[in-house]
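**Q** I am sharing target11.txt, which consists of compact mmCIF, C-alpha atoms:
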# COMPACT_ATOMS: atom_id res chain seq x y z
CA MET V 1 32.90 123.06 235.84
CA LYS V 2 33.15 119.32 236.43
CA VAL V 3 33.38 117.04 233.40
CA ASP V 4 31.97 113.52 233.32
CA GLY V 5 32.42 110.68 230.89
CA LYS V 6 29.94 108.05 229.77
CA LEU V 7 30.65 104.34 230.14
CA ASN V 8 30.12 102.67 226.77
CA VAL V 9 31.70 99.24 227.36
CA TRP V 10 30.52 96.31 229.46
CA GLY V 11 33.19 93.60 229.46
CA THR V 12 35.18 93.17 232.68
CA ALA V 13 38.57 94.15 231.25
CA GLU V 14 37.09 96.89 229.10
CA VAL V 15 35.27 98.55 232.00
CA ALA V 16 38.42 98.55 234.14
CA GLU V 17 40.48 100.02 231.30
CA GLU V 18 37.86 102.66 230.50
CA ALA V 19 37.62 103.73 234.13
CA ARG V 20 41.40 104.03 234.48
CA HIS V 21 41.55 106.01 231.23
CA HIS V 22 38.92 108.50 232.41
CA GLU V 23 40.66 109.04 235.72
CA LYS V 24 44.06 109.54 234.06
CA ALA V 25 42.54 111.91 231.47
CA GLY V 26 41.23 114.15 234.24
CA TYR V 27 37.50 113.43 234.14
CA ASP V 28 35.64 114.03 237.39
CA GLY V 29 33.11 111.22 236.98
CA LEU V 30 32.03 108.26 234.91
CA TRP V 31 28.34 107.51 234.41
CA ALA V 32 26.58 104.36 233.23
CA SER V 33 23.13 104.34 231.67
CA GLU V 34 20.39 101.74 231.73
CA SER V 35 19.52 100.57 228.22
CA LYS V 36 20.73 97.13 227.15
CA HIS V 37 22.54 96.36 230.41
CA ASP V 38 22.21 96.80 234.16
CA PRO V 39 23.89 100.14 234.98
CA PHE V 40 25.12 99.21 238.45
CA LEU V 41 27.34 96.16 237.91
CA PRO V 42 30.02 97.86 235.78
CA LEU V 43 30.25 100.74 238.25
CA LEU V 44 31.53 98.32 240.89
CA LEU V 45 34.42 97.49 238.55
CA ALA V 46 34.97 101.14 237.70
CA ALA V 47 35.19 102.05 241.38
CA GLU V 48 37.55 99.14 242.10
CA HIS V 49 40.06 100.26 239.47
CA THR V 50 40.11 103.99 240.32
CA ASP V 51 40.93 106.12 243.34
CA ARG V 52 39.24 109.51 242.91
CA LEU V 53 36.83 109.10 239.96
CA GLU V 54 33.17 109.58 240.90
CA VAL V 55 30.81 106.92 239.54
CA GLY V 56 27.08 107.12 238.99
CA THR V 57 24.02 106.18 236.98
CA ALA V 58 22.61 108.45 234.31
CA ILE V 59 20.12 107.07 234.50
CA ALA V 60 18.74 104.06 236.34
CA VAL V 61 15.00 103.50 235.86
CA ALA V 62 13.44 104.20 239.25
CA PHE V 63 9.94 102.87 238.68
CA ALA V 64 11.26 99.49 237.49
CA ARG V 65 12.32 98.77 241.10
CA SER V 66 11.01 99.23 244.58
CA PRO V 67 12.72 101.94 246.66
CA MET V 68 13.97 99.29 249.09
CA GLN V 69 15.63 97.25 246.36
CA LEU V 70 17.36 100.30 244.94
CA ALA V 71 18.32 101.57 248.38
CA TYR V 72 20.35 98.40 249.03
CA THR V 73 22.14 98.59 245.68
CA ALA V 74 23.01 102.27 246.00
CA HIS V 75 24.04 101.89 249.66
CA ASP V 76 26.41 99.06 248.80
CA LEU V 77 27.94 100.89 245.84
CA GLN V 78 28.47 103.95 248.02
CA THR V 79 30.42 101.78 250.46
CA TYR V 80 32.34 99.83 247.80
CA SER V 81 33.39 103.09 246.10
CA GLY V 82 34.45 104.78 249.31
CA GLY V 83 31.73 107.42 249.07
CA ARG V 84 32.12 108.17 245.34
CA PHE V 85 28.73 106.95 244.08
CA SER V 86 25.82 109.10 242.88
CA LEU V 87 22.40 107.69 242.07
CA GLY V 88 20.90 109.23 238.96
CA LEU V 89 17.22 108.34 238.52
CA GLY V 90 14.83 108.63 235.61
CA SER V 91 11.14 107.85 235.32
CA GLN V 92 11.18 106.37 231.78
CA ILE V 93 7.81 106.54 229.99
CA LYS V 94 4.54 104.73 230.58
CA PRO V 95 4.77 102.05 227.83
CA HIS V 96 8.17 100.86 229.07
CA ILE V 97 7.22 100.82 232.75
CA GLU V 98 3.98 98.96 232.16
CA ARG V 99 4.82 96.75 229.16
CA ARG V 100 8.57 96.14 229.49
CA PHE V 101 9.00 96.13 233.25
CA SER V 102 5.42 95.14 234.19
CA MET V 103 5.32 97.75 236.93
CA PRO V 104 2.69 100.38 237.86
CA TRP V 105 2.66 103.85 236.31
CA SER V 106 0.81 106.93 237.51
CA ARG V 107 1.55 110.60 238.27
CA PRO V 108 5.28 110.31 237.53
CA ALA V 109 6.36 113.58 239.15
CA ALA V 110 4.48 112.88 242.39
CA ARG V 111 5.71 109.28 242.35
CA MET V 112 9.33 110.40 241.90
CA ARG V 113 9.06 112.88 244.78
CA GLU V 114 7.84 110.08 247.02
CA TYR V 115 10.40 107.60 245.65
CA VAL V 116 13.36 109.82 246.56
CA SER V 117 11.84 110.58 249.95
CA ALA V 118 11.46 106.85 250.59
CA LEU V 119 15.12 106.26 249.68
CA ARG V 120 16.19 108.94 252.14
CA ALA V 121 14.06 107.43 254.91
CA ILE V 122 15.59 103.99 254.33
CA TRP V 123 19.14 105.34 254.27
CA ALA V 124 18.47 107.33 257.45
CA ALA V 125 17.46 104.09 259.16
CA TRP V 126 20.74 102.45 258.15
CA ASN V 127 23.12 105.38 258.50
CA GLU V 128 21.64 107.28 261.47
CA GLY V 129 19.66 104.55 263.20
CA GLU V 130 16.31 106.30 262.71
CA LYS V 131 13.16 104.21 262.95
CA LEU V 132 11.85 103.34 259.49
CA ASN V 133 8.29 104.56 259.19
CA PHE V 134 7.72 105.83 255.67
CA GLN V 135 4.11 105.83 254.50
CA GLY V 136 3.11 107.46 251.24
CA ASP V 137 0.56 107.23 248.46
CA PHE V 138 2.71 104.95 246.29
CA TYR V 139 5.23 103.32 248.63
CA SER V 140 5.23 102.19 252.24
CA HIS V 141 8.30 101.03 254.19
CA THR V 142 7.71 100.37 257.87
CA LEU V 143 9.71 97.21 258.64
CA MET V 144 13.47 97.11 259.16
CA SER V 145 14.87 94.59 261.64
CA PRO V 146 18.59 94.48 262.59
CA PHE V 147 19.13 91.30 260.56
CA PHE V 148 18.35 93.21 257.34
CA SER V 149 20.04 96.50 258.27
CA PRO V 150 23.49 97.01 256.67
CA PRO V 151 26.19 99.00 258.47
CA PRO V 152 26.35 102.73 257.69
CA ALA V 153 27.72 103.52 254.25
CA THR V 154 31.11 105.10 253.76
CA GLY V 155 30.50 108.77 253.14
CA GLY V 156 26.86 108.55 254.21
CA ALA V 157 23.92 108.39 251.83
CA PRO V 158 24.77 108.77 248.14
CA LYS V 159 23.78 111.90 246.27
CA VAL V 160 20.58 111.60 244.26
CA PHE V 161 20.14 113.17 240.83
CA VAL V 162 16.79 113.23 239.03
CA ALA V 163 16.54 113.40 235.24
CA ALA V 164 13.98 115.94 234.05
CA VAL V 165 12.81 117.95 231.06
CA GLY V 166 9.29 119.04 231.95
CA GLU V 167 8.60 121.58 234.67
CA ALA V 168 6.80 119.20 237.05
CA MET V 169 9.71 116.73 237.28
CA THR V 170 12.24 119.57 237.34
CA ARG V 171 10.48 121.09 240.36
CA VAL V 172 10.57 117.70 242.09
CA ALA V 173 14.33 117.52 241.52
CA GLY V 174 14.71 120.90 243.20
CA GLU V 175 12.54 119.84 246.12
CA VAL V 176 14.01 116.45 247.03
CA ALA V 177 17.19 115.69 245.04
CA ASP V 178 20.82 116.79 245.22
CA GLY V 179 21.01 117.48 241.52
CA LEU V 180 19.30 117.43 238.15
CA LEU V 181 20.32 115.53 235.03
CA ALA V 182 19.39 117.79 232.15
CA HIS V 183 18.39 115.89 229.02
CA GLY V 184 20.45 116.18 225.86
CA PHE V 185 17.39 117.65 224.16
CA THR V 186 17.80 120.91 226.03
CA THR V 187 18.85 124.33 224.77
CA GLU V 188 20.70 127.12 226.53
CA ARG V 189 17.54 129.22 226.42
CA TYR V 190 15.40 126.43 227.89
CA LEU V 191 17.90 125.97 230.72
CA ARG V 192 17.99 129.69 231.43
CA GLU V 193 14.26 130.44 231.16
CA VAL V 194 12.65 127.19 232.33
CA THR V 195 14.96 124.64 233.95
CA VAL V 196 17.01 126.76 236.35
CA PRO V 197 14.10 128.97 237.57
CA THR V 198 11.98 125.85 238.13
CA VAL V 199 14.79 124.17 240.06
CA GLU V 200 15.16 127.30 242.19
CA ALA V 201 11.42 127.25 242.96
CA GLY V 202 11.76 123.66 244.15
CA LEU V 203 14.84 124.51 246.20
CA ALA V 204 13.02 127.38 247.87
CA LYS V 205 10.20 125.04 248.86
CA SER V 206 12.71 122.74 250.54
CA GLY V 207 14.56 125.59 252.24
CA ARG V 208 17.69 125.30 250.14
CA THR V 209 19.58 127.49 247.66
CA ARG V 210 21.25 126.94 244.29
CA ALA V 211 24.55 126.40 246.14
CA ASP V 212 23.05 123.20 247.60
CA PHE V 213 22.32 121.74 244.18
CA SER V 214 24.14 120.53 241.07
CA VAL V 215 22.90 120.73 237.47
CA SER V 216 24.50 118.21 235.16
CA HIS V 217 24.03 118.64 231.41
CA LEU V 218 24.48 115.90 228.81
CA LEU V 219 25.45 118.30 226.04
CA LEU V 220 25.09 117.49 222.36
CA THR V 221 28.49 118.29 220.92
CA ALA V 222 29.55 118.10 217.28
CA THR V 223 33.27 118.34 216.59
CA GLY V 224 35.94 116.91 214.33
CA ARG V 225 39.57 117.42 213.33
CA THR V 226 38.90 117.28 209.59
CA GLU V 227 36.13 118.46 207.30
CA GLU V 228 35.04 114.84 206.88
CA GLU V 229 34.89 114.24 210.65
CA MET V 230 33.04 117.50 211.17
CA ALA V 231 30.47 116.67 208.49
CA ARG V 232 29.87 113.24 210.03
CA ALA V 233 29.48 114.78 213.49
CA VAL V 234 26.99 117.39 212.30
CA ASP V 235 24.96 114.82 210.37
CA GLY V 236 24.75 112.49 213.37
CA THR V 237 23.81 115.34 215.67
CA ARG V 238 21.04 116.55 213.35
CA ARG V 239 19.54 113.06 213.32
CA GLN V 240 19.73 112.79 217.11
CA ILE V 241 17.96 116.12 217.52
CA ALA V 242 15.31 114.96 215.04
CA PHE V 243 14.82 111.72 216.97
CA TYR V 244 14.21 113.52 220.26
CA GLY V 245 12.18 116.24 218.57
CA SER V 246 9.71 113.62 217.32
CA THR V 247 8.82 112.71 220.93
CA PRO V 248 5.70 114.55 222.17
CA ALA V 249 7.01 114.59 225.75
CA TYR V 250 9.81 116.96 224.71
CA ARG V 251 7.62 119.31 222.68
CA GLY V 252 7.83 122.05 225.30
CA VAL V 253 11.48 122.69 224.43
CA LEU V 254 10.58 123.24 220.77
CA GLU V 255 7.58 125.39 221.61
CA LEU V 256 9.71 127.78 223.67
CA HIS V 257 11.60 128.55 220.46
CA GLY V 258 8.48 128.69 218.28
CA TRP V 259 9.30 125.35 216.62
CA GLY V 260 6.15 123.43 217.56
CA GLU V 261 5.31 122.73 213.92
CA LEU V 262 8.70 121.10 213.47
CA GLY V 263 7.85 118.75 216.32
CA ASP V 264 4.57 117.83 214.61
CA GLU V 265 6.34 117.14 211.33
CA LEU V 266 9.05 115.05 212.98
CA HIS V 267 6.51 113.03 214.96
CA GLU V 268 4.44 112.32 211.86
CA LEU V 269 7.51 111.13 209.98
CA SER V 270 8.70 108.98 212.91
CA THR V 271 5.42 107.03 212.86
CA SER V 272 5.41 106.61 209.09
CA ARG V 273 6.56 103.54 207.17
CA ARG V 274 9.10 105.40 205.07
CA GLU V 275 12.38 103.47 204.95
CA ASP V 276 14.37 106.71 204.79
CA LYS V 277 12.42 108.50 207.51
CA TRP V 278 15.36 109.06 209.90
CA GLU V 279 17.48 110.54 207.13
CA VAL V 280 14.62 112.80 206.03
CA MET V 281 13.97 113.85 209.62
CA GLY V 282 17.61 114.82 210.07
CA ARG V 283 17.42 117.14 207.06
CA LEU V 284 14.53 119.00 208.70
CA VAL V 285 16.86 120.14 211.48
CA ASP V 286 18.26 123.36 210.01
CA ASP V 287 21.34 125.24 211.23
CA GLU V 288 19.36 127.43 213.64
CA VAL V 289 17.89 124.39 215.40
CA LEU V 290 21.23 122.53 215.28
CA HIS V 291 23.16 125.34 216.97
CA ALA V 292 20.44 125.90 219.57
CA PHE V 293 20.68 122.32 220.79
CA ALA V 294 24.36 121.56 220.20
CA VAL V 295 27.81 123.03 220.52
CA VAL V 296 29.22 122.83 217.01
CA ALA V 297 32.90 123.73 216.89
CA GLU V 298 36.41 122.53 216.09
CA PRO V 299 38.07 120.76 219.05
CA GLU V 300 40.17 123.79 220.03
CA ARG V 301 37.03 125.96 220.36
CA VAL V 302 34.70 123.50 222.12
CA ALA V 303 35.68 124.34 225.71
CA ALA V 304 35.31 128.09 225.17
CA GLU V 305 31.92 127.59 223.53
CA ILE V 306 30.69 125.47 226.44
CA ARG V 307 31.94 127.91 229.07
CA GLY V 308 30.49 130.89 227.26
CA ARG V 309 27.04 129.38 226.79
CA TYR V 310 26.62 127.14 229.84
CA GLY V 311 29.17 128.26 232.44
CA ALA V 312 26.61 130.21 234.46
CA LEU V 313 23.91 127.55 234.12
CA VAL V 314 25.39 124.12 234.82
CA ASP V 315 27.86 122.65 237.30
CA ARG V 316 28.76 119.47 235.43
CA VAL V 317 28.85 118.63 231.76
CA SER V 318 29.30 115.47 229.69
CA PHE V 319 29.61 115.18 225.93
CA TYR V 320 26.76 113.62 223.94
CA THR V 321 28.15 112.43 220.61
CA ALA V 322 25.81 110.75 218.14
CA TYR V 323 28.77 109.68 216.00
CA ASP V 324 32.13 107.91 216.35
CA ILE V 325 35.21 109.94 217.22
CA ASP V 326 38.61 109.23 218.77
CA ALA V 327 38.37 109.56 222.56
CA GLU V 328 41.70 111.43 222.63
CA VAL V 329 39.99 114.42 221.03
CA TRP V 330 38.24 115.16 224.32
CA GLU V 331 41.25 115.10 226.64
CA PRO V 332 42.48 118.70 226.05
CA ILE V 333 38.85 119.87 226.13
CA VAL V 334 38.38 118.24 229.55
CA ARG V 335 41.54 119.87 230.87
CA GLU V 336 40.53 123.31 229.61
CA LEU V 337 37.03 123.06 231.08
CA ARG V 338 38.29 121.95 234.49
CA GLU V 339 41.01 124.60 234.62
CA GLY V 340 38.97 127.46 233.20
Could you spell out this file's structure in structure tokens?

**A**
Amino acid sequence: MKVDGKLNVWGTAEVAEEARHHEKAGYDGLWASESKHDPFLPLLLAAEHTDRLEVGTAIAVAFARSPMQLAYTAHDLQTYSGGRFSLGLGSQIKPHIERRFSMPWSRPAARMREYVSALRAIWAAWNEGEKLNFQGDFYSHTLMSPFFSPPPATGGAPKVFVAAVGEAMTRVAGEVADGLLAHGFTTERYLREVTVPTVEAGLAKSGRTRADFSVSHLLLTATGRTEEEMARAVDGTRRQIAFYGSTPAYRGVLELHGWGELGDELHELSTSRREDKWEVMGRLVDDEVLHAFAVVAEPERVAAEIRGRYGALVDRVSFYTAYDIDAEVWEPIVRELREG
């Protein structure tokens, strides 16, 4: 099982130090997300200051950019990193695409399928010299003169991961992507009964097998070396589960477990004006729900818990911690997961 870290710093010196630390600690990859900052710029620094560490986005918002714009950025990062870059894409949700990015939104699963296909057509023009003639329902790319064609990328086209929770987007990932980024609001049962079978259906449609695909799971993990640290980790994790559980788009995960009413209650509280709503919502996440969504264990037991529950389901894992904890806690866990 490969283990990835998450980039949480943005200053030049800090990014370089964080990247070197992750490589030395044995991590396989380092991923940057798109929230308050551009996810691509720090990855250039991370690649510059490491030799083997994979770098990638988890996620970059696809529909905020045209496929051509993103193709250039990913192609360049693949070259700058010596073939170590992976492009992780997410759709975001309609209000953000339309009101924050001022971009069109419709049929997100179909649009993502076409988006990834457009990227591959553009990269094929640059890397293999194929004529660019991509025409779809959402995107059309039919012009590529030599002046605007970069040299082939080191290592060829980057791998593409698609973030998905629902079955439609998960099937798209299986059809056109190299991997899937499983959301933190995902349980072992949901992965086993919904995610993996849906991925396999998509792979079959594209003539591929599970061996051709990588599932990466951002896993909610609550751990601590003392009772105080453990209590803080569990409290933060309950609140994070409650936050995601209040989102209607993720209701299917709750419904699989028979917890649909919990989703309704969390959503109602999240839209209320109560000042203590997030604290109250966290208390609604009982131990059964907590342990379904998260690995809750002392540091010396975390790796065994992850292998036992997810070893047959995912190929890569990263730790989702909704609380502060010393980074050194994870180093023996990383080693045990990679060696196990």

**Q** So which residues touch Pro108 of chain V within 10 Å, counting all atoms listed in the file, skipping near sequence neighbours fewer than 5 positions away, as number ranges by chain?

**A** V: 63, 90-94, 113-115, 168-169

**Q** Pick out the residues sitting within 6 Å of Ser86 of chain V, and hand them over as a PyMOL selection string; count all atoms listed in the file, and ignore anything fewer than 4 positions along from it in its own chain.

**A** chain V and resi 56+158-160

**Q** If I put a ball of radius 8 Å at (12.6, 117.7, 219.4) in the file's coordinates, which residues poke into it when counting only C-alpha atoms, written as a list in words?

**A**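 Neighbouring residues, ordered by chain and number, come to Phe185, Ile241, Ala242, Phe243, Tyr244, Gly245, Ser246, Thr247, Tyr250, Arg251, Val253, Leu254, Leu262, Gly263 and Leu266 of chain V.
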
**Q** Take the residues from that selection and put them in a file with C-alpha atoms, as a CSV table (one decimal), keeping the file's coordinate frame.

**A**
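Saved to result_23.csv:
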chain,number,residue,atom,x,y,z
V,185,PHE,CA,17.4,117.6,224.2
V,241,ILE,CA,18.0,116.1,217.5
V,242,ALA,CA,15.3,115.0,215.0
V,243,PHE,CA,14.8,111.7,217.0
V,244,TYR,CA,14.2,113.5,220.3
V,245,GLY,CA,12.2,116.2,218.6
V,246,SER,CA,9.7,113.6,217.3
V,247,THR,CA,8.8,112.7,220.9
V,250,TYR,CA,9.8,117.0,224.7
V,251,ARG,CA,7.6,119.3,222.7
V,253,VAL,CA,11.5,122.7,224.4
V,254,LEU,CA,10.6,123.2,220.8
V,262,LEU,CA,8.7,121.1,213.5
V,263,GLY,CA,7.8,118.8,216.3
V,266,LEU,CA,9.0,115.0,213.0

**Q** Which residue gives the smallest distance to Ala62 of chain V among V:Gly88, V:Gly156, V:Gly136, V:Gly258, with all atoms listed in the file counted?

**A**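 Counting all atoms listed in the file, the residue closest to Ala62 of chain V is V:Gly88.
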
**Q** For the point (12.9, 123.8, 232.6) in file coordinates, what residues are within 10 Å, counting all atoms listed in the file? Give the answer as a ChimeraX atom specification?

**A** /V:164-171,182,186-187,189-199,252-253

**Q** Quote the spacing between atom CA of Tyr80 of chain V and atom CA of Trp31 of chain V in Å to one decimal place.

**A**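 About the pair atom CA of Tyr80 of chain V and atom CA of Trp31 of chain V: they are 15.9 Å apart.
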
**Q** Between V:Ile97, V:Ala153, V:Met103, V:Ala32, which one has atoms that come closest to Trp123 of chain V, using all atoms listed in the file?

**A**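 The answer is V:Ala153, which sits nearest to Trp123 of chain V.
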
**Q** Mind running segment 116-226 of chain V against segment 4-9 of chain V at 12 Å and telling me each contacting residue's nearest atom pair with the distance in Å (one decimal), counting all atoms listed in the file, chain and number ascending, as a tab-separated table?

**A**
residue	atom	partner	partner_atom	distance
V:Leu181	CA	V:Asp4	CA	11.9
V:Ser216	CA	V:Asp4	CA	9.0
V:His217	CA	V:Asp4	CA	9.6
V:Leu218	CA	V:Asp4	CA	9.1
V:Leu219	CA	V:Asp4	CA	10.9

**Q** Hey, which of V:Ala222, V:Phe319, V:Arg111, V:Ala58 ends up closest to Glu331 of chain V? Count all atoms listed in the file.

**A**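 That would be V:Phe319, the residue with the smallest distance to Glu331 of chain V.
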
**Q** Padding 3 Å on every side, please: axis-aligned box over the listed atoms of segment 294-299 of chain V, centre and edge lengths to one decimal in Å, as JSON.

**A**
{"center_x": 31.2, "center_y": 122.2, "center_z": 218.3, "size_x": 19.7, "size_y": 9.0, "size_z": 10.4}

**Q** Considering all atoms listed in the file, can you say which of V:Trp126, V:Phe161, V:Trp259, V:Tyr323 comes closest to Arg238 of chain V?

**A**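 Closest to Arg238 of chain V of all the choices is V:Tyr323.
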
**Q** At what distance in Å, to one decimal, does atom CA of Asp315 of chain V lie from atom CA of Glu128 of chain V?

**A**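 Between these atoms lies a distance of 29.3 Å.
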
**Q** What separation in Å, quoted to one decimal, exists between atom CA of Leu45 of chain V and atom CA of Ala19 of chain V?

**A**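 Calculated distance between atom CA of Leu45 of chain V and atom CA of Ala19 of chain V is 8.3 Å.
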
**Q** Just checking: using only C-alpha atoms, which residue out of V:Met230, V:Leu89, V:Ala109, V:Leu44 ends up closest to Asp178 of chain V?

**A**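 Of V:Met230, V:Leu89, V:Ala109, V:Leu44, the one nearest Asp178 of chain V is V:Leu89, counting only C-alpha atoms.
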
**Q** Hey, could you patch up segment 95-112 of chain V with N, CA, C and O atoms and hand it over as a PDB file, in the frame of the given file?

**A**
ATOM      1  N   PRO V  95       4.745 103.352 228.505  1.00  0.00           N
ATOM      2  CA  PRO V  95       4.770 102.050 227.830  1.00  0.00           C
ATOM      3  C   PRO V  95       5.880 101.130 228.329  1.00  0.00           C
ATOM      4  O   PRO V  95       5.674  99.914 228.465  1.00  0.00           O
ATOM      5  N   HIS V  96       7.055 101.691 228.613  1.00  0.00           N
ATOM      6  CA  HIS V  96       8.170 100.860 229.070  1.00  0.00           C
ATOM      7  C   HIS V  96       7.945 100.374 230.497  1.00  0.00           C
ATOM      8  O   HIS V  96       8.241  99.214 230.812  1.00  0.00           O
ATOM      9  N   ILE V  97       7.448 101.231 231.362  1.00  0.00           N
ATOM     10  CA  ILE V  97       7.220 100.820 232.750  1.00  0.00           C
ATOM     11  C   ILE V  97       6.156  99.735 232.816  1.00  0.00           C
ATOM     12  O   ILE V  97       6.322  98.724 233.518  1.00  0.00           O
ATOM     13  N   GLU V  98       5.082  99.918 232.081  1.00  0.00           N
ATOM     14  CA  GLU V  98       3.980  98.960 232.160  1.00  0.00           C
ATOM     15  C   GLU V  98       4.219  97.714 231.313  1.00  0.00           C
ATOM     16  O   GLU V  98       3.927  96.588 231.759  1.00  0.00           O
ATOM     17  N   ARG V  99       4.751  97.876 230.092  1.00  0.00           N
ATOM     18  CA  ARG V  99       4.820  96.750 229.160  1.00  0.00           C
ATOM     19  C   ARG V  99       6.172  96.060 229.138  1.00  0.00           C
ATOM     20  O   ARG V  99       6.250  94.866 228.845  1.00  0.00           O
ATOM     21  N   ARG V 100       7.255  96.780 229.449  1.00  0.00           N
ATOM     22  CA  ARG V 100       8.570  96.140 229.490  1.00  0.00           C
ATOM     23  C   ARG V 100       8.913  95.652 230.883  1.00  0.00           C
ATOM     24  O   ARG V 100       9.386  94.525 231.054  1.00  0.00           O
ATOM     25  N   PHE V 101       8.648  96.496 231.887  1.00  0.00           N
ATOM     26  CA  PHE V 101       9.000  96.130 233.250  1.00  0.00           C
ATOM     27  C   PHE V 101       7.824  95.534 234.038  1.00  0.00           C
ATOM     28  O   PHE V 101       8.022  95.027 235.137  1.00  0.00           O
ATOM     29  N   SER V 102       6.610  95.639 233.514  1.00  0.00           N
ATOM     30  CA  SER V 102       5.420  95.140 234.190  1.00  0.00           C
ATOM     31  C   SER V 102       5.283  95.720 235.597  1.00  0.00           C
ATOM     32  O   SER V 102       5.064  95.017 236.580  1.00  0.00           O
ATOM     33  N   MET V 103       5.417  97.037 235.666  1.00  0.00           N
ATOM     34  CA  MET V 103       5.320  97.750 236.930  1.00  0.00           C
ATOM     35  C   MET V 103       4.270  98.856 236.797  1.00  0.00           C
ATOM     36  O   MET V 103       3.917  99.266 235.686  1.00  0.00           O
ATOM     37  N   PRO V 104       3.758  99.366 237.921  1.00  0.00           N
ATOM     38  CA  PRO V 104       2.690 100.380 237.860  1.00  0.00           C
ATOM     39  C   PRO V 104       3.201 101.746 237.427  1.00  0.00           C
ATOM     40  O   PRO V 104       4.343 102.122 237.715  1.00  0.00           O
ATOM     41  N   TRP V 105       2.337 102.496 236.764  1.00  0.00           N
ATOM     42  CA  TRP V 105       2.660 103.850 236.310  1.00  0.00           C
ATOM     43  C   TRP V 105       1.499 104.773 236.655  1.00  0.00           C
ATOM     44  O   TRP V 105       0.342 104.477 236.350  1.00  0.00           O
ATOM     45  N   SER V 106       1.795 105.878 237.276  1.00  0.00           N
ATOM     46  CA  SER V 106       0.810 106.930 237.510  1.00  0.00           C
ATOM     47  C   SER V 106       1.528 108.143 238.062  1.00  0.00           C
ATOM     48  O   SER V 106       2.535 108.009 238.759  1.00  0.00           O
ATOM     49  N   ARG V 107       1.061 109.331 237.711  1.00  0.00           N
ATOM     50  CA  ARG V 107       1.550 110.600 238.270  1.00  0.00           C
ATOM     51  C   ARG V 107       3.066 110.570 238.472  1.00  0.00           C
ATOM     52  O   ARG V 107       3.555 110.567 239.603  1.00  0.00           O
ATOM     53  N   PRO V 108       3.841 110.535 237.400  1.00  0.00           N
ATOM     54  CA  PRO V 108       5.280 110.310 237.530  1.00  0.00           C
ATOM     55  C   PRO V 108       6.012 111.323 238.399  1.00  0.00           C
ATOM     56  O   PRO V 108       6.922 110.931 239.150  1.00  0.00           O
ATOM     57  N   ALA V 109       5.662 112.591 238.327  1.00  0.00           N
ATOM     58  CA  ALA V 109       6.360 113.580 239.150  1.00  0.00           C
ATOM     59  C   ALA V 109       6.092 113.351 240.637  1.00  0.00           C
ATOM     60  O   ALA V 109       7.010 113.352 241.465  1.00  0.00           O
ATOM     61  N   ALA V 110       4.823 113.144 240.990  1.00  0.00           N
ATOM     62  CA  ALA V 110       4.480 112.880 242.390  1.00  0.00           C
ATOM     63  C   ALA V 110       5.104 111.577 242.867  1.00  0.00           C
ATOM     64  O   ALA V 110       5.581 111.468 244.004  1.00  0.00           O
ATOM     65  N   ARG V 111       5.117 110.577 241.996  1.00  0.00           N
ATOM     66  CA  ARG V 111       5.710 109.280 242.350  1.00  0.00           C
ATOM     67  C   ARG V 111       7.216 109.427 242.570  1.00  0.00           C
ATOM     68  O   ARG V 111       7.776 108.837 243.504  1.00  0.00           O
ATOM     69  N   MET V 112       7.889 110.209 241.729  1.00  0.00           N
ATOM     70  CA  MET V 112       9.330 110.400 241.900  1.00  0.00           C
ATOM     71  C   MET V 112       9.644 111.145 243.182  1.00  0.00           C
ATOM     72  O   MET V 112      10.617 110.820 243.887  1.00  0.00           O
TER      73      MET V 112
END
